[in-house]
file model-v6.tsv (TSV, C-alpha atoms)
chain	number	residue	atom	x	y	z
A	14	MET	CA	-118.28	67.68	-9.68
A	15	TYR	CA	-119.41	65.77	-12.77
A	16	LYS	CA	-116.38	65.31	-15.04
A	17	PRO	CA	-117.23	62.81	-17.77
A	18	ARG	CA	-113.70	62.92	-19.18
A	19	ASN	CA	-112.12	61.55	-15.98
A	20	ILE	CA	-114.81	58.92	-15.62
A	21	ILE	CA	-114.35	57.66	-19.19
A	22	ILE	CA	-110.57	57.51	-18.81
A	23	GLY	CA	-110.98	55.73	-15.51
A	24	VAL	CA	-113.38	53.14	-16.96
A	25	ILE	CA	-111.07	52.49	-19.94
A	26	ALA	CA	-108.07	52.09	-17.64
A	27	PHE	CA	-110.04	49.73	-15.43
A	28	LEU	CA	-111.19	47.57	-18.35
A	29	ALA	CA	-107.68	47.51	-19.83
A	30	LEU	CA	-106.38	46.28	-16.50
A	31	ILE	CA	-108.87	43.50	-15.90
A	32	PHE	CA	-108.67	42.28	-19.49
A	33	PHE	CA	-104.89	42.18	-19.35
A	34	PRO	CA	-104.73	38.38	-19.64
A	35	VAL	CA	-106.91	38.51	-22.77
A	36	TRP	CA	-105.16	41.21	-24.73
A	37	SER	CA	-101.68	40.36	-23.61
A	38	SER	CA	-102.10	36.84	-25.05
A	39	LEU	CA	-102.62	38.42	-28.48
A	40	PHE	CA	-99.01	39.56	-28.51
A	41	THR	CA	-97.45	36.32	-27.26
A	42	THR	CA	-97.02	33.22	-29.37
A	43	GLY	CA	-96.62	29.54	-28.67
A	44	GLU	CA	-98.28	27.24	-26.18
A	45	ALA	CA	-98.09	27.35	-22.44
A	46	VAL	CA	-95.03	25.57	-21.09
A	47	GLY	CA	-95.84	22.72	-18.71
A	48	ALA	CA	-93.74	21.48	-15.85
A	49	GLU	CA	-90.43	20.10	-16.98
A	50	ILE	CA	-90.28	16.63	-15.56
A	51	SER	CA	-87.25	14.42	-15.80
A	52	LEU	CA	-87.24	10.76	-16.83
A	53	ASP	CA	-83.51	10.54	-16.38
A	54	THR	CA	-83.20	7.72	-13.84
A	55	PRO	CA	-81.00	4.60	-13.96
A	56	MET	CA	-83.97	2.23	-14.30
A	57	ILE	CA	-85.68	4.18	-17.06
A	58	ASN	CA	-82.42	4.65	-18.95
A	59	ALA	CA	-81.81	0.92	-18.78
A	60	MET	CA	-85.15	0.12	-20.40
A	61	GLU	CA	-85.21	-0.53	-24.13
A	62	ASN	CA	-88.72	0.80	-24.62
A	63	PRO	CA	-89.46	2.90	-21.56
A	64	LYS	CA	-93.07	2.27	-20.57
A	65	CYS	CA	-95.03	2.91	-17.41
A	66	VAL	CA	-97.68	0.47	-16.22
A	67	GLU	CA	-100.06	2.10	-18.73
A	68	ASP	CA	-99.55	4.57	-21.62
A	69	THR	CA	-97.83	7.83	-20.77
A	70	GLU	CA	-100.83	9.95	-21.79
A	71	TRP	CA	-103.18	7.78	-19.76
A	72	MET	CA	-100.89	7.86	-16.73
A	73	ARG	CA	-100.56	11.62	-16.93
A	74	ALA	CA	-104.33	11.98	-16.74
A	75	ASN	CA	-105.20	9.10	-14.45
A	76	HIS	CA	-102.29	8.20	-12.17
A	77	MET	CA	-104.02	9.68	-9.14
A	78	LYS	CA	-107.14	7.62	-9.73
A	79	LEU	CA	-105.07	4.51	-10.40
A	80	LEU	CA	-103.14	4.96	-7.17
A	81	ALA	CA	-106.39	5.51	-5.27
A	82	ASP	CA	-107.65	2.20	-6.70
A	83	TRP	CA	-104.39	0.46	-5.77
A	84	LYS	CA	-104.76	1.76	-2.23
A	85	VAL	CA	-108.20	0.20	-1.83
A	86	GLU	CA	-107.43	-3.04	-3.66
A	87	VAL	CA	-104.18	-3.70	-1.81
A	88	VAL	CA	-105.11	-2.62	1.69
A	89	ARG	CA	-108.72	-3.67	1.92
A	90	ASN	CA	-109.06	-6.50	-0.61
A	91	GLY	CA	-105.56	-7.94	-0.49
A	92	ASN	CA	-105.23	-7.79	-4.28
A	93	ARG	CA	-101.58	-6.86	-4.58
A	94	ILE	CA	-101.15	-7.61	-8.27
A	95	TYR	CA	-102.26	-5.10	-10.88
A	96	VAL	CA	-102.86	-6.56	-14.34
A	97	ALA	CA	-102.32	-3.72	-16.80
A	98	GLU	CA	-104.42	-3.36	-19.93
A	99	ASP	CA	-101.66	-5.02	-21.96
A	100	GLY	CA	-101.72	-8.05	-19.64
A	101	GLN	CA	-98.44	-7.25	-17.90
A	102	LYS	CA	-98.54	-7.83	-14.12
A	103	TYR	CA	-97.18	-5.41	-11.55
A	104	LEU	CA	-96.97	-5.32	-7.78
A	105	ALA	CA	-99.43	-2.55	-6.89
A	106	SER	CA	-97.16	-0.51	-4.66
A	107	LEU	CA	-96.21	3.15	-4.72
A	108	GLN	CA	-92.96	2.63	-2.85
A	109	ASN	CA	-91.93	-0.69	-4.36
A	110	THR	CA	-93.09	-0.29	-7.96
A	111	CYS	CA	-93.45	3.39	-8.91
A	112	PHE	CA	-90.26	4.49	-7.16
A	113	GLU	CA	-88.32	1.61	-8.68
A	114	CYS	CA	-88.22	3.57	-11.93
A	115	HIS	CA	-89.21	7.06	-10.82
A	116	SER	CA	-86.50	7.30	-8.21
A	117	ASN	CA	-86.25	11.07	-8.74
A	118	TYR	CA	-89.16	12.34	-6.65
A	119	ASP	CA	-87.98	15.98	-6.73
A	120	GLU	CA	-87.60	16.09	-10.51
A	121	PHE	CA	-90.68	14.03	-11.32
A	122	CYS	CA	-93.60	13.94	-8.86
A	123	LEU	CA	-92.87	17.20	-7.09
A	124	LYS	CA	-92.17	19.28	-10.22
A	125	CYS	CA	-95.57	18.59	-11.70
A	126	HIS	CA	-97.47	18.76	-8.41
A	127	GLU	CA	-95.96	22.17	-7.75
A	128	TYR	CA	-96.73	23.40	-11.26
A	129	ASN	CA	-100.35	22.32	-10.84
A	130	ASN	CA	-100.53	23.62	-7.29
A	131	VAL	CA	-101.67	20.32	-5.81
A	132	SER	CA	-100.36	18.88	-2.57
A	133	PRO	CA	-101.30	15.21	-2.31
A	134	THR	CA	-101.11	13.83	1.23
A	135	CYS	CA	-99.43	10.58	0.10
A	136	TRP	CA	-96.05	11.66	1.39
A	137	THR	CA	-96.95	12.06	5.05
A	138	CYS	CA	-96.61	8.28	5.30
A	139	HIS	CA	-95.32	6.89	2.00
A	140	VAL	CA	-91.61	7.39	1.92
A	141	GLU	CA	-90.11	9.00	-1.18
A	142	PRO	CA	-86.52	8.06	-2.03
A	143	THR	CA	-85.20	11.52	-1.14
A	144	VAL	CA	-86.42	11.22	2.45
A	145	VAL	CA	-84.78	7.84	2.80
A	146	GLU	CA	-81.44	9.14	1.52
A	147	GLU	CA	-81.48	12.21	3.73
A	148	GLY	CA	-82.94	10.54	6.82
A	149	ASN	CA	-80.55	7.61	6.74
A	150	LYS	CA	-77.39	9.65	6.29
B	18	MET	CA	-148.40	15.24	-29.60
B	19	GLU	CA	-151.07	17.92	-29.54
B	20	ASN	CA	-153.57	15.39	-28.22
B	21	MET	CA	-151.39	14.11	-25.41
B	22	SER	CA	-153.38	13.92	-22.22
B	23	ARG	CA	-152.05	15.28	-18.96
B	24	ARG	CA	-151.98	11.72	-17.60
B	25	LYS	CA	-149.93	10.40	-20.50
B	26	PHE	CA	-147.51	13.31	-20.25
B	27	LEU	CA	-146.86	12.65	-16.55
B	28	LYS	CA	-146.36	8.93	-17.21
B	29	LEU	CA	-143.77	9.62	-19.90
B	30	GLY	CA	-142.05	12.17	-17.70
B	31	GLY	CA	-141.86	9.68	-14.84
B	32	ALA	CA	-140.39	6.97	-17.06
B	33	ALA	CA	-137.77	9.39	-18.36
B	34	ALA	CA	-136.79	10.40	-14.81
B	35	VAL	CA	-136.34	6.74	-13.79
B	36	GLY	CA	-134.21	6.09	-16.88
B	37	LEU	CA	-132.06	9.11	-16.19
B	38	GLY	CA	-131.58	8.08	-12.57
B	39	ALA	CA	-130.54	4.57	-13.60
B	40	ALA	CA	-128.06	6.01	-16.10
B	41	VAL	CA	-126.48	8.19	-13.42
B	42	VAL	CA	-126.20	5.24	-11.01
B	43	THR	CA	-124.55	2.96	-13.61
B	44	LYS	CA	-122.23	5.76	-14.67
B	45	THR	CA	-121.02	6.30	-11.08
B	46	ALA	CA	-120.64	2.56	-10.57
B	47	ASP	CA	-118.55	2.35	-13.75
B	48	ALA	CA	-116.37	5.25	-12.70
B	49	ALA	CA	-115.44	3.43	-9.50
B	50	GLN	CA	-112.46	1.69	-11.07
B	51	ILE	CA	-110.21	2.45	-13.99
B	52	GLY	CA	-107.44	0.77	-15.95
B	53	GLY	CA	-106.68	-2.96	-15.74
B	54	SER	CA	-107.78	-5.59	-13.26
B	55	TYR	CA	-106.57	-6.86	-9.90
B	56	GLN	CA	-105.67	-10.24	-8.48
B	57	LYS	CA	-103.94	-11.83	-5.52
B	58	ASP	CA	-100.37	-12.97	-5.83
B	59	SER	CA	-100.24	-16.66	-6.78
B	60	ALA	CA	-97.69	-17.24	-4.01
B	61	ARG	CA	-100.01	-15.81	-1.30
B	62	MET	CA	-100.06	-17.89	1.87
B	63	GLN	CA	-103.41	-19.68	2.11
B	64	ALA	CA	-105.46	-19.98	5.29
B	65	LYS	CA	-109.01	-19.36	6.41
B	66	ASN	CA	-108.05	-18.08	9.82
B	67	TRP	CA	-104.47	-17.32	10.73
B	68	GLY	CA	-103.41	-18.04	14.27
B	69	MET	CA	-100.24	-18.40	16.28
B	70	VAL	CA	-98.87	-20.62	19.02
B	71	ILE	CA	-95.95	-19.30	21.05
B	72	ASP	CA	-94.00	-21.95	22.92
B	73	MET	CA	-92.26	-19.98	25.66
B	74	SER	CA	-90.07	-22.91	26.69
B	75	LYS	CA	-88.34	-22.70	23.29
B	76	PHE	CA	-88.05	-18.92	23.23
B	77	SER	CA	-84.59	-17.57	23.98
B	78	GLU	CA	-83.82	-13.98	24.95
B	79	GLU	CA	-81.73	-13.51	21.80
B	80	SER	CA	-84.33	-14.73	19.37
B	81	PHE	CA	-86.92	-12.59	21.11
B	82	ASN	CA	-84.78	-9.49	20.74
B	83	ALA	CA	-84.13	-10.40	17.11
B	84	CYS	CA	-87.92	-10.57	16.52
B	85	VAL	CA	-88.55	-7.13	18.03
B	86	GLU	CA	-85.65	-5.57	16.16
B	87	ALA	CA	-86.64	-7.10	12.82
B	88	CYS	CA	-90.34	-6.26	13.19
B	89	HIS	CA	-89.85	-2.69	14.31
B	90	SER	CA	-87.17	-1.82	11.79
B	91	PHE	CA	-89.02	-3.41	8.88
B	92	HIS	CA	-92.32	-1.72	9.69
B	93	ASN	CA	-90.73	1.67	10.43
B	94	VAL	CA	-91.94	1.66	14.03
B	95	PRO	CA	-90.51	4.72	15.81
B	96	ASN	CA	-88.38	4.26	18.90
B	97	ILE	CA	-89.76	6.78	21.41
B	98	ASP	CA	-88.54	6.56	24.99
B	99	THR	CA	-91.40	8.07	26.97
B	100	LYS	CA	-94.08	5.65	28.12
B	101	LYS	CA	-96.92	7.89	27.00
B	102	ASP	CA	-95.68	8.35	23.44
B	103	GLU	CA	-94.13	4.96	22.80
B	104	VAL	CA	-95.22	2.95	19.78
B	105	LYS	CA	-94.94	-0.82	19.78
B	106	TRP	CA	-96.00	-3.76	17.64
B	107	ILE	CA	-94.24	-6.49	19.59
B	108	TRP	CA	-93.01	-6.30	23.17
B	109	LYS	CA	-92.41	-8.12	26.47
B	110	GLN	CA	-94.77	-8.55	29.39
B	111	THR	CA	-94.60	-10.67	32.51
B	112	TYR	CA	-96.91	-13.62	33.13
B	113	GLU	CA	-98.81	-11.60	35.74
B	114	GLN	CA	-99.47	-8.72	33.38
B	115	LEU	CA	-100.42	-10.99	30.54
B	116	PHE	CA	-102.62	-13.58	32.23
B	117	LEU	CA	-104.16	-11.59	35.04
B	118	ASP	CA	-107.05	-14.01	35.38
B	119	GLU	CA	-104.78	-17.04	35.57
B	120	THR	CA	-102.63	-16.02	38.49
B	121	HIS	CA	-102.80	-16.10	42.27
B	122	GLU	CA	-100.80	-14.78	45.16
B	123	HIS	CA	-98.72	-17.94	45.65
B	124	LEU	CA	-97.89	-18.58	42.02
B	125	SER	CA	-94.32	-19.73	41.58
B	126	ALA	CA	-91.96	-16.84	40.90
B	127	LYS	CA	-90.61	-18.91	38.02
B	128	TYR	CA	-93.80	-18.21	36.10
B	129	LYS	CA	-94.82	-14.95	37.74
B	130	ASP	CA	-91.74	-13.07	36.55
B	131	GLN	CA	-91.26	-14.89	33.27
B	132	GLU	CA	-91.40	-12.52	30.31
B	133	PHE	CA	-93.65	-13.30	27.40
B	134	MET	CA	-93.69	-12.10	23.83
B	135	THR	CA	-96.75	-9.96	23.26
B	136	ILE	CA	-98.40	-8.86	20.02
B	137	CYS	CA	-101.88	-8.09	18.75
B	138	ASN	CA	-104.06	-11.15	19.30
B	139	HIS	CA	-105.95	-10.85	16.01
B	140	CYS	CA	-109.11	-11.79	17.86
B	141	GLN	CA	-111.88	-13.76	16.27
B	142	GLU	CA	-114.35	-11.33	17.86
B	143	PRO	CA	-112.35	-8.13	17.57
B	144	VAL	CA	-113.69	-5.29	19.70
B	145	CYS	CA	-111.49	-2.77	17.91
B	146	VAL	CA	-113.25	-3.54	14.61
B	147	ARG	CA	-116.66	-3.05	16.21
B	148	VAL	CA	-115.86	0.34	17.69
B	149	CYS	CA	-114.00	1.86	14.74
B	150	PRO	CA	-116.25	4.61	13.34
B	151	THR	CA	-114.57	4.75	9.93
B	152	LYS	CA	-113.95	1.03	9.35
B	153	ALA	CA	-110.24	1.80	9.29
B	154	THR	CA	-109.72	-1.33	11.38
B	155	PHE	CA	-111.15	-4.40	9.71
B	156	LYS	CA	-110.80	-8.15	9.53
B	157	ASN	CA	-109.54	-9.47	6.21
B	158	ASP	CA	-110.56	-12.68	4.41
B	159	GLN	CA	-107.90	-14.64	6.31
B	160	GLY	CA	-108.91	-13.53	9.80
B	161	VAL	CA	-106.14	-10.96	10.17
B	162	ILE	CA	-107.07	-7.69	11.87
B	163	LEU	CA	-105.69	-4.95	9.67
B	164	MET	CA	-105.62	-1.19	9.69
B	165	ASP	CA	-106.30	1.00	6.69
B	166	MET	CA	-104.17	3.97	7.69
B	167	HIS	CA	-105.80	6.04	4.95
B	168	ARG	CA	-109.04	5.97	6.93
B	169	CYS	CA	-107.84	6.28	10.52
B	170	ILE	CA	-108.98	9.56	12.05
B	171	GLY	CA	-107.15	9.02	15.33
B	172	CYS	CA	-110.24	8.88	17.56
B	173	ARG	CA	-108.58	6.13	19.66
B	174	ASN	CA	-111.85	4.27	20.29
B	175	CYS	CA	-109.98	1.09	19.36
B	176	MET	CA	-107.32	1.77	21.97
B	177	ALA	CA	-109.94	2.14	24.66
B	178	ALA	CA	-111.68	-1.00	23.48
B	179	CYS	CA	-108.67	-3.30	23.10
B	180	PRO	CA	-108.22	-5.23	26.38
B	181	TYR	CA	-104.64	-6.13	25.45
B	182	GLY	CA	-103.02	-2.74	24.98
B	183	ALA	CA	-101.97	-3.85	21.54
B	184	ARG	CA	-102.47	-0.46	19.95
B	185	SER	CA	-100.30	2.63	19.99
B	186	PHE	CA	-101.14	6.18	19.06
B	187	ASN	CA	-98.78	8.48	17.22
B	188	PHE	CA	-98.79	11.52	19.48
B	189	LYS	CA	-96.02	13.06	17.37
B	190	ASP	CA	-94.60	12.76	13.89
B	191	PRO	CA	-92.88	9.36	14.09
B	192	ARG	CA	-90.30	9.99	11.35
B	193	PRO	CA	-87.59	11.68	13.48
B	194	TYR	CA	-87.71	8.66	15.81
B	195	ILE	CA	-87.05	6.06	13.13
B	196	GLU	CA	-83.35	5.26	13.11
B	197	GLU	CA	-83.24	3.95	9.56
B	198	ILE	CA	-86.28	4.25	7.34
B	199	ASN	CA	-87.12	1.10	5.41
B	200	PRO	CA	-87.96	2.37	1.91
B	201	THR	CA	-90.14	-0.65	1.10
B	202	TYR	CA	-92.72	0.05	3.81
B	203	PRO	CA	-94.60	3.26	4.66
B	204	THR	CA	-94.21	5.13	7.91
B	205	ARG	CA	-97.20	6.52	9.78
B	206	MET	CA	-98.11	10.14	10.42
B	207	LYS	CA	-98.98	12.05	13.56
B	208	GLY	CA	-102.50	11.27	14.71
B	209	VAL	CA	-103.06	7.66	13.67
B	210	VAL	CA	-103.19	4.44	15.64
B	211	GLU	CA	-101.02	1.47	14.69
B	212	LYS	CA	-100.43	-2.14	15.68
B	213	CYS	CA	-99.11	-5.52	14.55
B	214	ASN	CA	-100.54	-6.66	11.21
B	215	PHE	CA	-99.38	-10.33	11.27
B	216	CYS	CA	-97.05	-9.21	8.46
B	217	ALA	CA	-99.95	-9.14	5.99
B	218	GLU	CA	-97.63	-7.62	3.38
B	219	ARG	CA	-95.40	-10.70	3.65
B	220	LEU	CA	-98.24	-13.26	3.78
B	221	ALA	CA	-99.60	-11.72	0.56
B	222	LEU	CA	-96.36	-12.61	-1.21
B	223	GLY	CA	-95.91	-16.05	0.30
B	224	GLN	CA	-93.64	-15.30	3.24
B	225	LEU	CA	-94.17	-16.06	6.93
B	226	PRO	CA	-94.29	-13.21	9.47
B	227	LEU	CA	-90.87	-11.94	10.54
B	228	CYS	CA	-91.21	-13.00	14.19
B	229	VAL	CA	-92.16	-16.52	13.14
B	230	GLU	CA	-89.08	-16.78	10.93
B	231	LEU	CA	-86.74	-15.44	13.61
B	232	SER	CA	-88.10	-17.32	16.62
B	233	ASN	CA	-86.05	-20.48	16.02
B	234	GLY	CA	-89.14	-22.63	16.05
B	235	ALA	CA	-90.69	-21.12	19.17
B	236	ILE	CA	-93.56	-19.60	17.19
B	237	THR	CA	-95.80	-21.72	15.01
B	238	PHE	CA	-98.03	-19.96	12.55
B	239	GLY	CA	-100.94	-21.55	10.73
B	240	ASP	CA	-104.62	-21.99	10.06
B	241	ILE	CA	-106.49	-22.60	13.31
B	242	ASP	CA	-109.61	-23.57	11.34
B	243	ASP	CA	-107.71	-26.44	9.73
B	244	PRO	CA	-107.39	-29.38	12.19
B	245	GLN	CA	-104.37	-30.68	10.27
B	246	SER	CA	-102.31	-27.49	10.59
B	247	GLY	CA	-99.29	-27.18	12.87
B	248	VAL	CA	-101.00	-24.73	15.20
B	249	SER	CA	-104.12	-26.88	15.57
B	250	LYS	CA	-102.01	-29.92	16.42
B	251	LEU	CA	-100.00	-27.97	19.00
B	252	ILE	CA	-103.21	-26.67	20.59
B	253	ALA	CA	-104.67	-30.18	20.62
B	254	GLU	CA	-101.60	-31.75	22.22
B	255	ASN	CA	-100.52	-29.10	24.73
B	256	PHE	CA	-101.99	-27.08	27.55
B	257	THR	CA	-102.34	-23.59	26.07
B	258	LEU	CA	-103.36	-20.23	27.44
B	259	GLN	CA	-105.12	-17.37	25.71
B	260	ARG	CA	-104.97	-13.86	27.08
B	261	ARG	CA	-108.12	-13.00	29.03
B	262	ALA	CA	-110.24	-15.67	27.39
B	263	ASN	CA	-113.13	-14.78	29.71
B	264	LEU	CA	-113.74	-11.54	27.81
B	265	GLY	CA	-115.01	-13.43	24.77
B	266	THR	CA	-112.77	-11.79	22.20
B	267	LYS	CA	-111.36	-15.22	21.24
B	268	PRO	CA	-107.70	-14.27	20.80
B	269	LYS	CA	-105.81	-16.26	18.20
B	270	VAL	CA	-102.41	-16.03	19.82
B	271	TYR	CA	-101.97	-19.08	22.07
B	272	TYR	CA	-99.22	-19.55	24.65
B	273	ILE	CA	-97.57	-22.75	25.80
B	274	VAL	CA	-96.13	-21.74	29.18

call {"tool": "encode", "arguments": {"input": "model-v6.tsv", "output": "structure tokens"}}
result
Amino acid sequence: MYKPRNIIIGVIAFLALIFFPVWSSLFTTGEAVGAEISLDTPMINAMENPKCVEDTEWMRANHMKLLADWKVEVVRNGNRIYVAEDGQKYLASLQNTCFECHSNYDEFCLKCHEYNNVSPTCWTCHVEPTVVEEGNK
Amino acid sequence: MENMSRRKFLKLGGAAAVGLGAAVVTKTADAAQIGGSYQKDSARMQAKNWGMVIDMSKFSEESFNACVEACHSFHNVPNIDTKKDEVKWIWKQTYEQLFLDETHEHLSAKYKDQEFMTICNHCQEPVCVRVCPTKATFKNDQGVILMDMHRCIGCRNCMAACPYGARSFNFKDPRPYIEEINPTYPTRMKGVVEKCNFCAERLALGQLPLCVELSNGAITFGDIDDPQSGVSKLIAENFTLQRRANLGTKPKVYYIV
């Protein structure tokens, strides 16, 4: 039952299928679209030059490490003040500092975490503004 | 290079390995922290060893209830009815329950049935700290026994060790049992232990603990290592009791009966 024609067609179909992501990208243009996060909150809108504790780019890449450092410094060492690289001082607190400006958890934190398929365990204890609004109704 | 002896080659190789190892170690040490620097708040309350004196003769029922209400609602302590699941940071106990070594069968009912405010004793020799396998419970630089909830694995060794019943375990998700969530303080999750923290988050910003503020002068808070502090003077001038002093945990909550 040796039929080289069927085998060759089968192999070509198989390769075409598994290399779909490669060849299909040849026909599409533009860059991948990231998560659409919103900075539309009362506090951010009220700022003249909206700025997070560090640069936006730096925060995007490192906020998880920064928060992990805050956790250790605040809880274990009692250092509650974070002195940013530009010398500005902030209370190192997720709930009292981050959420002050980023009061839109669903449109900010969650959007990007979902896009990147990460589920940080922060929110089992740290209360995001949405929970407070809903829980205290 | 062609004339390199075997011995010389091994020596060079060894030196390179040590250098590489050192580089890796420094790199990991560097990576430990990123961004800016950290400091304590300039308003932080200063003491070497925080302690408390509770003068029960000055404690009214109303101010006691105000303390419990303020503490539990600020710290998002759930209100669970069943004895097994209840979570408490500050509560009432009778003289007999509290000072079981300092009582006898003919003790005046006036004292026997009197209710006392009870919190974590923030012991100088804390058993809970010794038994915690993850160092989630620790003593900070001001003698306050704190919990790092991020590290608690819920083994409950500390609950077995604590002779004062000062610790509660979250048998269920506490959030549905919190009437109004305080957005400035975290809640806990199912499976961790919790207890009074001497309001460390307030001390860090220069405020006294909530119960001290609301006790109408019945609670004095201060540095028991400083002979000039209010608590030291009260202890020097009055007859005070510690809970189960014979156990050697050196509690830092003193009672004036």

call {"tool": "residues_around", "arguments": {"input": "model-v6.tsv", "residues": "stretch 175-183 of chain B", "least_positions_apart": "4", "cutoff": "7 Å", "atoms": "all atoms listed in the file", "output": "PyMOL selection string"}}
result
chain B and resi 136-137+144-145+148-149+212

call {"tool": "closest_residue", "arguments": {"input": "model-v6.tsv", "among": "B:Glu79, B:Glu142, B:Glu103, B:Glu197", "to": "chain A", "atoms": "all atoms listed in the file"}}
result
B:Glu197

call {"tool": "closest_residue", "arguments": {"input": "model-v6.tsv", "among": "A:Ile21, A:Met77, A:Ala26, A:Gly47", "to": "A:Thr134", "atoms": "all atoms listed in the file"}}
result
A:Met77

call {"tool": "closest_atom_pairs", "arguments": {"input": "model-v6.tsv", "of": "chain A", "to": "chain B", "cutoff": "7 Å", "atoms": "only C-alpha atoms", "output": "Markdown table"}}
result
| residue | atom | partner | partner_atom | distance |
| --- | --- | --- | --- | --- |
| A:Leu79 | CA | B:Ile51 | CA | 6.6 |
| A:Asp82 | CA | B:Gln50 | CA | 6.5 |
| A:Val88 | CA | B:Asp165 | CA | 6.3 |
| A:Gly91 | CA | B:Lys57 | CA | 6.6 |
| A:Asn92 | CA | B:Lys57 | CA | 4.4 |
| A:Arg93 | CA | B:Lys57 | CA | 5.6 |
| A:Ile94 | CA | B:Gln56 | CA | 5.2 |
| A:Tyr95 | CA | B:Tyr55 | CA | 4.8 |
| A:Val96 | CA | B:Ser54 | CA | 5.1 |
| A:Ala97 | CA | B:Gly53 | CA | 4.6 |
| A:Glu98 | CA | B:Gly53 | CA | 4.8 |
| A:Gln108 | CA | B:Thr201 | CA | 5.9 |
| A:Asn109 | CA | B:Thr201 | CA | 5.7 |
| A:Thr137 | CA | B:Met206 | CA | 5.8 |
| A:Cys138 | CA | B:Thr204 | CA | 4.7 |
| A:His139 | CA | B:Pro203 | CA | 4.6 |
| A:Val140 | CA | B:Pro203 | CA | 5.8 |
| A:Val145 | CA | B:Ile198 | CA | 6.0 |
| A:Asn149 | CA | B:Glu197 | CA | 5.3 |

call {"tool": "write_last_selection", "arguments": {"input": "model-v6.tsv", "atoms": "C-alpha atoms", "output": "tab-separated table (two decimals), keeping the file's coordinate frame"}}
result
chain	number	residue	atom	x	y	z
A	79	LEU	CA	-105.07	4.51	-10.40
A	82	ASP	CA	-107.65	2.20	-6.70
A	88	VAL	CA	-105.11	-2.62	1.69
A	91	GLY	CA	-105.56	-7.94	-0.49
A	92	ASN	CA	-105.23	-7.79	-4.28
A	93	ARG	CA	-101.58	-6.86	-4.58
A	94	ILE	CA	-101.15	-7.61	-8.27
A	95	TYR	CA	-102.26	-5.10	-10.88
A	96	VAL	CA	-102.86	-6.56	-14.34
A	97	ALA	CA	-102.32	-3.72	-16.80
A	98	GLU	CA	-104.42	-3.36	-19.93
A	108	GLN	CA	-92.96	2.63	-2.85
A	109	ASN	CA	-91.93	-0.69	-4.36
A	137	THR	CA	-96.95	12.06	5.05
A	138	CYS	CA	-96.61	8.28	5.30
A	139	HIS	CA	-95.32	6.89	2.00
A	140	VAL	CA	-91.61	7.39	1.92
A	145	VAL	CA	-84.78	7.84	2.80
A	149	ASN	CA	-80.55	7.61	6.74

call {"tool": "residues_around", "arguments": {"input": "model-v6.tsv", "residues": "B:Ser232", "least_positions_apart": "5", "cutoff": "7 Å", "atoms": "only C-alpha atoms", "output": "NGL selection string"}}
result
:B and (76 or 80-81 or 84)

call {"tool": "axis_aligned_box", "arguments": {"input": "model-v6.tsv", "around": "stretch 73-84 of chain B", "padding_each_side": "3 Å", "output": "lines of an AutoDock Vina configuration file"}}
result
center_x = -87.0
center_y = -16.2
center_z = 21.6
size_x = 16.5
size_y = 19.4
size_z = 16.2

call {"tool": "atom_distance", "arguments": {"input": "model-v6.tsv", "atom1": "atom CA of B:Leu231", "atom2": "atom CA of B:Ala87"}}
result
8.4 Å

call {"tool": "atom_distance", "arguments": {"input": "model-v6.tsv", "atom1": "atom CA of A:Tyr128", "atom2": "atom CA of A:Ala48"}}
result
5.8 Å

call {"tool": "closest_residue", "arguments": {"input": "model-v6.tsv", "among": "B:Asp240, B:Asn66, B:Leu37, B:Val270", "to": "B:Leu258", "atoms": "only C-alpha atoms"}}
result
B:Val270

call {"tool": "atom_distance", "arguments": {"input": "model-v6.tsv", "atom1": "atom CA of B:Cys140", "atom2": "atom CA of B:Ile162"}}
result
7.5 Å

call {"tool": "closest_atom_pairs", "arguments": {"input": "model-v6.tsv", "of": "stretch 30-109 of chain B", "to": "stretch 243-249 of chain B", "cutoff": "9 Å", "atoms": "only C-alpha atoms", "output": "tab-separated table"}}
result
residue	atom	partner	partner_atom	distance
B:Ala64	CA	B:Asp243	CA	8.2
B:Lys65	CA	B:Asp243	CA	7.9
B:Asn66	CA	B:Asp243	CA	8.4
B:Gly68	CA	B:Val248	CA	7.2
B:Met69	CA	B:Val248	CA	6.5
B:Val70	CA	B:Val248	CA	6.0

call {"tool": "write_last_selection", "arguments": {"input": "model-v6.tsv", "atoms": "C-alpha atoms", "output": "PDB file, in the coordinates of the input"}}
result
ATOM      1  CA  ALA B  64    -105.460 -19.980   5.290  1.00  0.00           C
ATOM      2  CA  LYS B  65    -109.010 -19.360   6.410  1.00  0.00           C
ATOM      3  CA  ASN B  66    -108.050 -18.080   9.820  1.00  0.00           C
ATOM      4  CA  GLY B  68    -103.410 -18.040  14.270  1.00  0.00           C
ATOM      5  CA  MET B  69    -100.240 -18.400  16.280  1.00  0.00           C
ATOM      6  CA  VAL B  70     -98.870 -20.620  19.020  1.00  0.00           C
TER       7      VAL B  70
END
